[in-house]
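K.L.:
Input file: start_23.cif. Contents: mmCIF, C-alpha atoms and all ligand atoms.
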```cif
data_final
loop_
_atom_site.label_atom_id
_atom_site.label_comp_id
_atom_site.auth_asym_id
_atom_site.auth_seq_id
_atom_site.Cartn_x
_atom_site.Cartn_y
_atom_site.Cartn_z
CA MET N 1 245.23 39.73 52.07
CA LEU N 2 241.79 39.91 53.64
CA THR N 3 242.24 38.10 56.96
CA ARG N 4 239.37 37.43 59.36
CA ARG N 5 240.72 40.18 61.56
CA THR N 6 240.96 42.91 58.88
CA PHE N 7 237.60 41.86 57.45
CA LEU N 8 235.92 42.07 60.82
CA SER N 9 237.50 45.40 61.63
CA GLY N 10 235.00 46.68 59.06
CA ALA N 11 232.13 44.43 60.09
CA GLY N 12 233.17 45.10 63.66
CA SER N 13 232.15 48.76 63.39
CA LEU N 14 228.72 47.61 62.21
CA ALA N 15 228.58 45.05 64.96
CA ALA N 16 229.64 47.67 67.50
CA ALA N 17 226.62 49.75 66.49
CA SER N 18 224.33 46.79 67.23
CA LEU N 19 226.59 45.83 70.16
CA LEU N 20 227.12 42.32 68.92
CA PRO N 21 227.93 40.29 65.82
CA ARG N 22 224.69 39.30 64.15
CA SER N 23 225.94 37.57 61.04
CA LEU N 24 228.81 37.87 58.62
CA PRO N 25 227.92 38.98 55.08
CA GLY N 26 227.93 35.73 53.10
CA ALA N 27 229.87 36.99 50.09
CA LEU N 28 232.79 38.25 52.14
CA GLN N 29 232.85 35.52 54.79
CA PRO N 30 236.41 34.58 55.73
CA GLU N 31 237.22 30.92 55.34
CA GLN N 32 236.78 30.13 59.03
CA ALA N 33 233.47 31.84 59.57
CA VAL N 34 230.27 29.98 58.75
CA GLY N 35 226.99 31.82 59.13
CA SER N 36 225.48 33.61 62.10
CA VAL N 37 227.06 33.57 65.53
CA ASP N 38 223.96 34.58 67.47
CA GLY N 39 220.56 32.97 67.91
CA ALA N 40 220.63 29.53 66.32
CA GLY N 41 224.31 30.09 65.47
CA SER N 42 225.40 30.76 69.04
CA LEU N 43 227.43 28.46 71.26
CA ARG N 44 224.44 28.48 73.60
CA ALA N 45 222.07 27.17 70.91
CA HIS N 46 224.48 24.52 69.70
CA ALA N 47 225.18 23.34 73.24
CA THR N 48 221.51 23.32 74.24
CA ALA N 49 220.53 21.41 71.10
CA ARG N 50 222.80 18.57 72.24
CA GLY N 51 221.95 18.62 75.92
CA LEU N 52 225.21 20.36 76.79
CA PHE N 53 226.18 23.47 78.69
CA TYR N 54 228.57 26.09 77.31
CA GLY N 55 229.54 29.04 79.40
CA ALA N 56 232.26 31.32 80.67
CA ALA N 57 233.84 32.80 83.76
CA VAL N 58 232.41 36.26 84.36
CA ASP N 59 234.17 39.40 85.52
CA THR N 60 231.39 40.97 87.56
CA GLY N 61 232.92 44.43 87.22
CA MET N 62 232.60 44.15 83.43
CA LEU N 63 229.10 42.72 83.86
CA ARG N 64 228.16 45.93 85.65
CA ASN N 65 229.89 48.35 83.31
CA ASP N 66 229.90 46.91 79.78
CA PRO N 67 226.52 46.33 78.05
CA ALA N 68 228.18 44.62 75.07
CA TYR N 69 229.94 42.17 77.39
CA ARG N 70 226.65 41.49 79.17
CA ALA N 71 224.86 40.96 75.88
CA LEU N 72 227.58 38.63 74.57
CA LEU N 73 227.33 36.43 77.66
CA ALA N 74 223.53 36.30 77.40
CA GLN N 75 223.78 35.48 73.69
CA GLN N 76 226.40 32.74 73.99
CA CYS N 77 226.12 31.07 77.41
CA ASN N 78 223.63 28.79 79.16
CA ILE N 79 225.89 28.58 82.23
CA VAL N 80 228.26 31.01 83.91
CA VAL N 81 230.71 31.02 86.80
CA ALA N 82 232.13 33.88 88.85
CA GLU N 83 235.78 34.41 87.94
CA ASN N 84 236.52 36.00 91.31
CA SER N 85 233.44 37.34 93.09
CA MET N 86 232.64 34.16 95.02
CA LYS N 87 236.17 33.57 96.27
CA TRP N 88 236.92 34.17 99.94
CA ALA N 89 238.78 37.44 99.30
CA ALA N 90 235.77 38.91 97.51
CA ILE N 91 232.83 37.42 99.38
CA HIS N 92 234.28 37.30 102.92
CA PRO N 93 236.46 40.43 103.08
CA GLU N 94 236.46 40.71 106.88
CA ALA N 95 236.31 37.97 109.50
CA ASP N 96 232.86 39.12 110.59
CA ARG N 97 231.59 40.53 107.28
CA TYR N 98 230.47 38.99 104.01
CA ALA N 99 230.05 40.93 100.76
CA PHE N 100 227.47 39.28 98.51
CA GLU N 101 226.64 42.18 96.18
CA GLN N 102 228.67 41.04 93.17
CA ALA N 103 227.72 37.39 93.54
CA ASP N 104 224.07 38.37 93.92
CA GLU N 105 224.29 40.45 90.73
CA LEU N 106 225.76 37.51 88.83
CA LEU N 107 223.03 35.20 90.12
CA ALA N 108 220.36 37.71 89.12
CA PHE N 109 221.90 37.99 85.64
CA ALA N 110 222.03 34.21 85.28
CA GLU N 111 218.44 33.74 86.39
CA GLN N 112 217.26 36.65 84.19
CA HIS N 113 218.76 34.85 81.18
CA GLN N 114 217.77 31.28 82.13
CA MET N 115 221.39 30.35 82.70
CA GLN N 116 222.78 27.90 85.23
CA LEU N 117 225.38 29.16 87.70
CA ARG N 118 228.55 27.45 88.94
CA GLY N 119 229.94 28.47 92.31
CA HIS N 120 233.72 28.95 92.49
CA ASN N 121 234.95 28.18 95.13
CA LEU N 122 234.34 27.25 98.76
CA CYS N 123 237.82 26.14 99.81
CA TRP N 124 241.15 27.11 98.21
CA HIS N 125 244.65 28.06 99.28
CA GLU N 126 244.60 31.20 97.10
CA ALA N 127 242.40 34.30 97.09
CA LEU N 128 242.28 34.20 100.88
CA PRO N 129 241.32 37.52 102.47
CA SER N 130 243.85 39.71 104.27
CA TRP N 131 242.47 38.76 107.72
CA PHE N 132 242.95 35.04 107.14
CA ALA N 133 246.61 34.52 108.10
CA SER N 134 246.37 36.52 111.32
CA THR N 135 243.03 35.07 112.40
CA VAL N 136 242.68 31.43 111.40
CA ASN N 137 244.50 28.87 113.58
CA LEU N 138 244.39 25.26 114.75
CA GLY N 139 241.73 26.12 117.27
CA ASN N 140 239.22 27.87 114.99
CA ALA N 141 239.97 26.64 111.45
CA ARG N 142 237.18 24.07 111.50
CA GLN N 143 234.60 26.56 112.71
CA ILE N 144 235.73 29.23 110.21
CA LEU N 145 235.73 26.85 107.25
CA THR N 146 232.32 25.35 108.06
CA GLY N 147 230.89 28.76 108.94
CA HIS N 148 231.99 30.16 105.57
CA ILE N 149 230.57 27.24 103.60
CA ARG N 150 227.28 27.25 105.51
CA THR N 151 226.90 31.01 105.04
CA VAL N 152 227.82 31.18 101.34
CA ALA N 153 226.42 27.89 100.03
CA GLY N 154 223.40 28.29 102.30
CA ARG N 155 222.62 31.74 100.88
CA TYR N 156 222.41 30.37 97.34
CA GLN N 157 220.80 27.05 98.24
CA GLY N 158 218.89 25.57 95.30
CA ARG N 159 220.14 28.24 92.87
CA ILE N 160 223.66 26.93 92.16
CA ARG N 161 224.01 24.05 89.69
CA SER N 162 227.45 23.05 90.96
CA TRP N 163 230.01 24.24 93.46
CA ASP N 164 233.77 23.91 93.22
CA VAL N 165 233.87 22.82 96.85
CA VAL N 166 237.62 22.24 97.03
CA ASN N 167 239.97 23.75 94.45
CA GLU N 168 243.48 22.51 93.61
CA ALA N 169 244.18 20.31 96.66
CA ILE N 170 246.88 18.32 94.82
CA SER N 171 250.44 19.63 94.54
CA LEU N 172 253.18 17.13 93.70
CA GLU N 173 255.77 19.77 94.58
CA ASP N 174 254.82 19.39 98.25
CA GLY N 175 256.27 15.90 98.19
CA ARG N 176 253.55 13.88 99.90
CA THR N 177 252.95 10.33 98.66
CA ASP N 178 249.23 11.11 98.37
CA GLY N 179 250.11 14.27 96.41
CA LEU N 180 248.09 16.49 98.74
CA ARG N 181 249.01 20.16 98.84
CA VAL N 182 250.30 21.24 102.24
CA SER N 183 248.00 24.28 102.22
CA PRO N 184 246.92 26.31 105.26
CA TRP N 185 243.74 24.23 105.44
CA PHE N 186 245.81 21.00 105.33
CA GLN N 187 248.22 22.30 107.97
CA MET N 188 245.43 23.22 110.37
CA LEU N 189 242.92 20.41 109.75
CA GLY N 190 244.87 17.60 108.05
CA PRO N 191 243.63 15.74 104.94
CA GLY N 192 240.16 15.61 106.47
CA TYR N 193 239.55 19.27 105.58
CA ILE N 194 238.49 18.02 102.16
CA ASP N 195 235.89 15.64 103.60
CA LEU N 196 234.70 18.37 105.98
CA ALA N 197 234.26 20.88 103.15
CA PHE N 198 232.22 18.47 101.04
CA ARG N 199 230.07 17.25 103.93
CA THR N 200 229.37 20.82 105.03
CA ALA N 201 228.53 21.88 101.46
CA ARG N 202 226.05 18.99 101.12
CA GLU N 203 224.31 20.07 104.32
CA ALA N 204 224.25 23.71 103.19
CA ASP N 205 222.92 22.98 99.70
CA PRO N 206 221.63 19.45 99.04
CA HIS N 207 220.77 20.44 95.47
CA ALA N 208 224.19 21.53 94.19
CA LEU N 209 226.53 19.16 92.37
CA LEU N 210 229.60 19.11 94.60
CA THR N 211 232.79 19.26 92.56
CA TYR N 212 236.50 18.77 93.10
CA ASN N 213 238.34 21.06 90.65
CA ASP N 214 241.98 20.92 89.56
CA TYR N 215 244.43 21.74 86.77
CA GLY N 216 247.52 20.28 85.11
CA ILE N 217 246.08 16.81 84.56
CA GLU N 218 245.23 17.07 80.87
CA TYR N 219 248.46 15.90 79.28
CA ASP N 220 250.29 12.60 78.87
CA HIS N 221 253.65 13.98 79.88
CA PRO N 222 255.15 12.71 83.19
CA ALA N 223 254.12 15.58 85.52
CA SER N 224 250.56 15.62 84.24
CA PHE N 225 250.36 11.83 84.30
CA THR N 226 251.50 11.73 87.93
CA LYS N 227 249.20 14.55 89.03
CA ARG N 228 246.27 12.94 87.25
CA ALA N 229 246.92 9.72 89.16
CA ALA N 230 247.00 11.64 92.44
CA VAL N 231 243.71 13.37 91.64
CA MET N 232 242.13 10.03 90.77
CA GLY N 233 243.51 8.61 94.01
CA LEU N 234 241.79 11.42 95.93
CA LEU N 235 238.51 10.89 94.08
CA LYS N 236 238.63 7.16 94.84
CA ARG N 237 239.37 7.81 98.52
CA LEU N 238 236.55 10.31 98.83
CA THR N 239 233.98 8.10 97.10
CA ALA N 240 235.12 5.02 99.05
CA ASP N 241 234.67 6.95 102.31
CA GLY N 242 231.17 8.04 101.34
CA VAL N 243 232.14 11.71 101.06
CA PRO N 244 229.36 13.51 99.12
CA ILE N 245 231.06 14.37 95.83
CA ASP N 246 229.22 14.48 92.49
CA ALA N 247 231.72 15.75 89.93
CA VAL N 248 235.31 16.45 89.04
CA GLY N 249 236.28 19.67 87.30
CA ILE N 250 239.13 19.49 84.80
CA GLN N 251 240.22 23.10 84.51
CA SER N 252 241.75 22.61 81.04
CA HIS N 253 244.16 25.53 80.90
CA ILE N 254 245.88 23.99 77.89
CA ASP N 255 248.61 24.89 75.42
CA ALA N 256 248.33 25.74 71.73
CA THR N 257 251.34 23.60 70.86
CA THR N 258 249.08 20.58 71.54
CA SER N 259 252.16 18.50 72.51
CA GLY N 260 251.10 15.80 74.90
CA LEU N 261 247.30 15.86 74.69
CA GLY N 262 246.59 12.16 74.38
CA PRO N 263 244.48 9.24 75.60
CA GLY N 264 245.35 9.72 79.26
CA ILE N 265 242.75 12.40 79.96
CA THR N 266 239.96 10.55 78.18
CA ALA N 267 240.83 7.43 80.18
CA PHE N 268 240.65 9.58 83.33
CA VAL N 269 237.16 10.70 82.32
CA THR N 270 236.09 7.10 81.82
CA GLU N 271 237.47 6.16 85.25
CA ALA N 272 235.74 9.12 86.90
CA ARG N 273 232.50 7.96 85.32
CA THR N 274 232.93 4.50 86.84
CA LEU N 275 233.04 6.27 90.21
CA GLY N 276 229.66 7.78 89.37
CA LEU N 277 231.07 11.26 88.86
CA LYS N 278 230.14 13.84 86.26
CA VAL N 279 233.06 15.58 84.57
CA PHE N 280 233.09 19.30 83.88
CA ILE N 281 235.50 21.24 81.70
CA THR N 282 235.61 24.18 84.06
CA GLU N 283 238.22 26.75 82.92
CA LEU N 284 239.11 26.08 79.29
CA ASP N 285 241.51 28.41 77.55
CA VAL N 286 244.34 27.73 75.11
CA ASN N 287 247.62 29.47 75.86
CA ASP N 288 249.58 30.53 72.78
CA ASP N 289 252.72 31.64 74.66
CA ASN N 290 254.75 28.75 73.27
CA LEU N 291 253.93 29.49 69.63
CA ALA N 292 256.78 31.16 67.73
CA ALA N 293 254.51 32.98 65.28
CA ASP N 294 253.80 36.60 66.06
CA ASP N 295 251.04 36.77 63.47
CA PRO N 296 247.71 36.70 65.39
CA ALA N 297 245.87 34.84 62.63
CA THR N 298 248.48 32.06 62.68
CA ARG N 299 248.18 31.73 66.44
CA GLU N 300 244.38 31.90 66.29
CA ALA N 301 244.38 29.00 63.84
CA ALA N 302 246.59 26.89 66.11
CA VAL N 303 244.42 27.72 69.13
CA ALA N 304 241.29 26.79 67.19
CA GLU N 305 242.81 23.44 66.24
CA VAL N 306 243.34 22.61 69.92
CA TYR N 307 239.82 23.73 70.85
CA GLY N 308 238.41 21.41 68.24
CA GLN N 309 240.59 18.42 69.13
CA TYR N 310 240.26 18.71 72.90
CA VAL N 311 236.55 19.40 73.23
CA THR N 312 235.61 16.80 70.59
CA ALA N 313 237.66 14.17 72.43
CA MET N 314 236.31 15.10 75.85
CA ILE N 315 232.60 15.32 75.05
CA ALA N 316 232.76 11.98 73.27
CA ASN N 317 232.31 10.63 76.81
CA PRO N 318 228.70 11.08 78.04
CA ALA N 319 230.07 12.03 81.49
CA VAL N 320 231.25 15.36 80.05
CA ALA N 321 228.32 17.72 79.48
CA GLU N 322 229.61 21.10 80.61
CA VAL N 323 232.28 23.20 78.90
CA LEU N 324 233.17 26.57 80.38
CA THR N 325 235.91 28.81 79.08
CA TRP N 326 237.84 30.95 81.54
CA GLY N 327 236.50 34.19 80.19
CA ILE N 328 234.71 34.76 76.88
CA SER N 329 236.83 37.43 75.20
CA ASN N 330 240.60 37.68 74.90
CA ASN N 331 240.86 41.18 76.35
CA HIS N 332 239.46 39.90 79.67
CA SER N 333 241.55 36.73 79.89
CA TRP N 334 243.74 36.31 82.96
CA LEU N 335 246.39 35.30 80.43
CA ASN N 336 246.41 38.89 79.14
CA ASN N 337 246.72 40.47 82.59
CA SER N 338 250.32 40.98 83.68
CA LYS N 339 249.18 40.81 87.31
CA THR N 340 247.83 37.29 86.92
CA HIS N 341 250.00 35.71 84.22
CA LYS N 342 253.66 36.21 83.32
CA ALA N 343 253.51 36.00 79.54
CA LYS N 344 256.52 34.87 77.49
CA HIS N 345 255.65 37.55 74.93
CA PRO N 346 254.30 40.48 76.96
CA GLY N 347 253.62 42.54 73.85
CA ARG N 348 251.40 39.86 72.26
CA GLN N 349 247.77 39.49 73.19
CA GLN N 350 246.94 35.84 73.83
CA GLN N 351 244.31 34.50 71.40
CA ALA N 352 242.96 32.11 74.03
CA LEU N 353 239.16 32.44 73.91
CA PRO N 354 236.17 32.25 71.51
CA PHE N 355 235.84 36.03 71.12
CA ASP N 356 238.43 38.73 70.50
CA ALA N 357 238.84 42.15 72.10
CA ASN N 358 236.07 43.56 69.87
CA TYR N 359 233.71 40.77 70.90
CA GLN N 360 234.05 39.27 67.43
CA PRO N 361 234.16 35.47 67.01
CA THR N 362 237.63 34.00 66.66
CA PRO N 363 238.47 30.78 64.81
CA ALA N 364 238.28 29.13 68.23
CA PHE N 365 234.57 30.04 68.33
CA TYR N 366 233.89 28.07 65.16
CA ALA N 367 236.08 25.16 66.23
CA LEU N 368 234.35 25.02 69.62
CA ARG N 369 230.91 25.22 68.03
CA SER N 370 231.77 22.37 65.66
CA ALA N 371 233.14 20.36 68.57
CA LEU N 372 229.88 20.81 70.49
CA ASP N 373 228.05 19.59 67.39
CA SER N 374 230.11 16.40 67.48
CA ARG N 375 228.20 15.23 70.58
CA LYS N 376 226.35 12.12 69.55
CA GLY N 377 222.62 12.17 70.34
O1 LIG I 1 239.79 42.98 93.51
C1 LIG I 1 241.14 43.39 93.78
C2 LIG I 1 241.25 44.92 93.66
O2 LIG I 1 240.43 45.53 94.67
C3 LIG I 1 242.69 45.34 93.81
O3 LIG I 1 242.80 46.72 93.58
C4 LIG I 1 243.56 44.58 92.80
C5 LIG I 1 245.02 44.93 93.00
O4 LIG I 1 245.74 44.28 91.97
O5 LIG I 1 243.41 43.15 92.99
C6 LIG I 1 242.07 42.75 92.78
O6 LIG I 1 241.97 41.36 93.00
C7 LIG I 1 242.52 40.57 91.94
C8 LIG I 1 241.43 39.62 91.44
O7 LIG I 1 241.95 38.69 90.46
C9 LIG I 1 240.26 40.40 90.79
O8 LIG I 1 240.74 41.07 89.67
C10 LIG I 1 243.66 39.75 92.53
O9 LIG I 1 244.73 40.62 92.87
C11 LIG I 1 244.12 38.71 91.51
O10 LIG I 1 245.09 37.85 92.11
C12 LIG I 1 242.94 37.87 91.05
O11 LIG I 1 243.43 36.98 90.06
C13 LIG I 1 242.55 35.88 89.77
C14 LIG I 1 243.25 34.57 90.21
O12 LIG I 1 242.44 33.44 89.83
C15 LIG I 1 243.48 34.52 91.69
O13 LIG I 1 242.25 34.53 92.39
C16 LIG I 1 242.30 35.84 88.27
O14 LIG I 1 241.53 36.99 87.88
C17 LIG I 1 241.53 34.59 87.90
O15 LIG I 1 241.39 34.48 86.47
C18 LIG I 1 242.27 33.35 88.41
O16 LIG I 1 241.47 32.23 88.12
C19 LIG I 1 242.01 30.97 88.58
C20 LIG I 1 240.87 30.14 89.11
O17 LIG I 1 240.18 30.84 90.14
C21 LIG I 1 241.38 28.79 89.58
N1 LIG I 1 242.11 28.09 88.49
C22 LIG I 1 243.22 28.90 87.93
C23 LIG I 1 242.68 30.23 87.40
C24 LIG I 1 243.78 31.04 86.74
O18 LIG I 1 244.76 31.37 87.66
#
```
What is this file in structure tokens?
P.N.:
Amino acid sequence: MLTRRTFLSGAGSLAAASLLPRSLPGALQPEQAVGSVDGAGSLRAHATARGLFYGAAVDTGMLRNDPAYRALLAQQCNIVVAENSMKWAAIHPEADRYAFEQADELLAFAEQHQMQLRGHNLCWHEALPSWFASTVNLGNARQILTGHIRTVAGRYQGRIRSWDVVNEAISLEDGRTDGLRVSPWFQMLGPGYIDLAFRTAREADPHALLTYNDYGIEYDHPASFTKRAAVMGLLKRLTADGVPIDAVGIQSHIDATTSGLGPGITAFVTEARTLGLKVFITELDVNDDNLAADDPATREAAVAEVYGQYVTAMIANPAVAEVLTWGISNNHSWLNNSKTHKAKHPGRQQQALPFDANYQPTPAFYALRSALDSRKG
């Protein structure tokens, strides 16, 4: 049977010669593939045509070392975000030293290709540098947090479309009635660290859309429902207190089994819009760990179905105009890195993103492109 994968293994060698897929020979097109995937057929073109942004998280090491990866991003994205190079551990490696090289390279790449850039992120409990625990304390936490935000957001002032100012501040497991995560920042500065981060970011870059970003709120099952309510409670508190916040990021690390994706998240988007907030899909990928099938094509089809359903439902709301996947090709997904994700089937590559390990479009590419097209004018 000629599957998309075996077919493209042939076309892939042609595409490898030209670095990227240009178009699939019409006569032999697999059932999922429709026409060219670059130029007018790219996710970038389809997003732009409908006033939307499509982009991906970028591994700046790959950006430096892999021309085909670079070309794919330029071909497909009108917005990008640093996967890791703007996090504290990367950009602030020593208490008195910043390292901007990788972030600067990503910004240069984005501006060279007329792309927007998301900043990720200014305040998080993870990816903290090795000096943090032994240096930051009750007495200096405020000065270190504001100093970091002023330095980083100030450096890129006017050149960042949106910043994830605070990332993942809600954790129901920590047992607070407001759902706030008892993170190092919370322990040293109290709940007001969130207000401080946003106010400092606004001062440092008045142009950027200041975003609160979180995960695990997409489903209608109890945990997701409760976390979503806590996130909305935080957004309402911040807006009521006049904290400068412009957007909420729904990370959208979702599951190929589709169980539980329902009206709750679209209602959340509507409520966020009533608060005057934009809504970004910031880290979309579809995890196929829970699928029994070992056959990649079967899992790709299930993943594509979820891409189509989820993105179509979300962009039906005018508040949602930005869709970023967390990576662009499966071989660079955090889900396929044993150091960052404990897979249920370690021997199986996750089929989570719009391009496969050969930078060939997956069924998710076509489903995502069709979903972008569903945006009403
Ligand atoms: O750069 C160092 C390298 O010098 C060192 O040799 C190596 C040792 O393993 O670690 C490297 O840093 C790793 C970094 O990714 C860059 O590859 C960290 O250990 C690793 O923890 C880090 O993982 C990232 C993770 O966030 C934690 O920051 C993942 O790539 C990234 O995909 C993931 O992304 C997060 C979002 O930021 C927030 N939402 C959830 C999402 C998935 O977890």
K.L.:
Quick one: 6 Å padding each side, axis-aligned, all listed atoms of region 86-91 of chain N - centre and edge lengths in Å to one decimal, as AutoDock Vina command-line options?
P.N.:
```
--center_x 235.7 --center_y 36.2 --center_z 97.5 --size_x 18.1 --size_y 17.3 --size_z 16.9
```
K.L.:
Could the residues of chain N that have an atom at most 6 Å from ligand LIG 1 (chain I) be listed as a Markdown table, each with its closest atom pair and the distance in Å to one decimal, counting all atoms listed in the file and ordered by chain and ascending residue number?
P.N.:
```
| residue | atom | partner | partner_atom | distance |
| --- | --- | --- | --- | --- |
| N:Glu83 | CA | I:LIG1 | C17 | 5.8 |
| N:Asn84 | CA | I:LIG1 | C9 | 5.8 |
| N:Ala127 | CA | I:LIG1 | O13 | 4.7 |
| N:Trp334 | CA | I:LIG1 | O15 | 4.6 |
| N:Thr340 | CA | I:LIG1 | O11 | 5.4 |
```
K.L.:
Just the selected residues (C-alpha atoms), exported as a short mmCIF file (atom, residue, chain, number, x, y, z; two decimals), in the coordinates of the input, please.
P.N.:
```
data_model
loop_
_atom_site.label_atom_id
_atom_site.label_comp_id
_atom_site.auth_asym_id
_atom_site.auth_seq_id
_atom_site.Cartn_x
_atom_site.Cartn_y
_atom_site.Cartn_z
CA GLU N 83 235.78 34.41 87.94
CA ASN N 84 236.52 36.00 91.31
CA ALA N 127 242.40 34.30 97.09
CA TRP N 334 243.74 36.31 82.96
CA THR N 340 247.83 37.29 86.92
#
```
K.L.:
Which residue out of N:Ala45, N:Ala256, N:Ala90, N:Val320 has the minimum interatomic distance to Ala293 (chain N) when only C-alpha atoms are used?
P.N.:
N:Ala256
K.L.:
Given only C-alpha atoms as the basis, pick out the residue of N:Leu122, N:Arg64, N:Cys77, N:Glu322 nearest to Asp38 (chain N).
P.N.:
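Checking each of N:Leu122, N:Arg64, N:Cys77, N:Glu322 against Asp38 (chain N), counting only C-alpha atoms, the winner is N:Cys77.
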K.L.:
What residues have an atom no more than 12 Å from (234.5, 28.1, 69.4) in the file's own frame, counting all atoms listed in the file, and can you write them as an NGL selection string?
P.N.:
:N and (32-34 or 37 or 41-44 or 46-47 or 54-56 or 76-77 or 284-286 or 300-301 or 303-312 or 323-325 or 328-329 or 351-356 or 360-373)
K.L.:
Kindly indicate which residue among N:Ala71, N:Leu63, N:Ala292, N:Ile160 lies nearest to Gln116 (chain N), using only C-alpha atoms for the distances.
P.N.:
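Closest to Gln116 (chain N), using only C-alpha atoms: N:Ile160.
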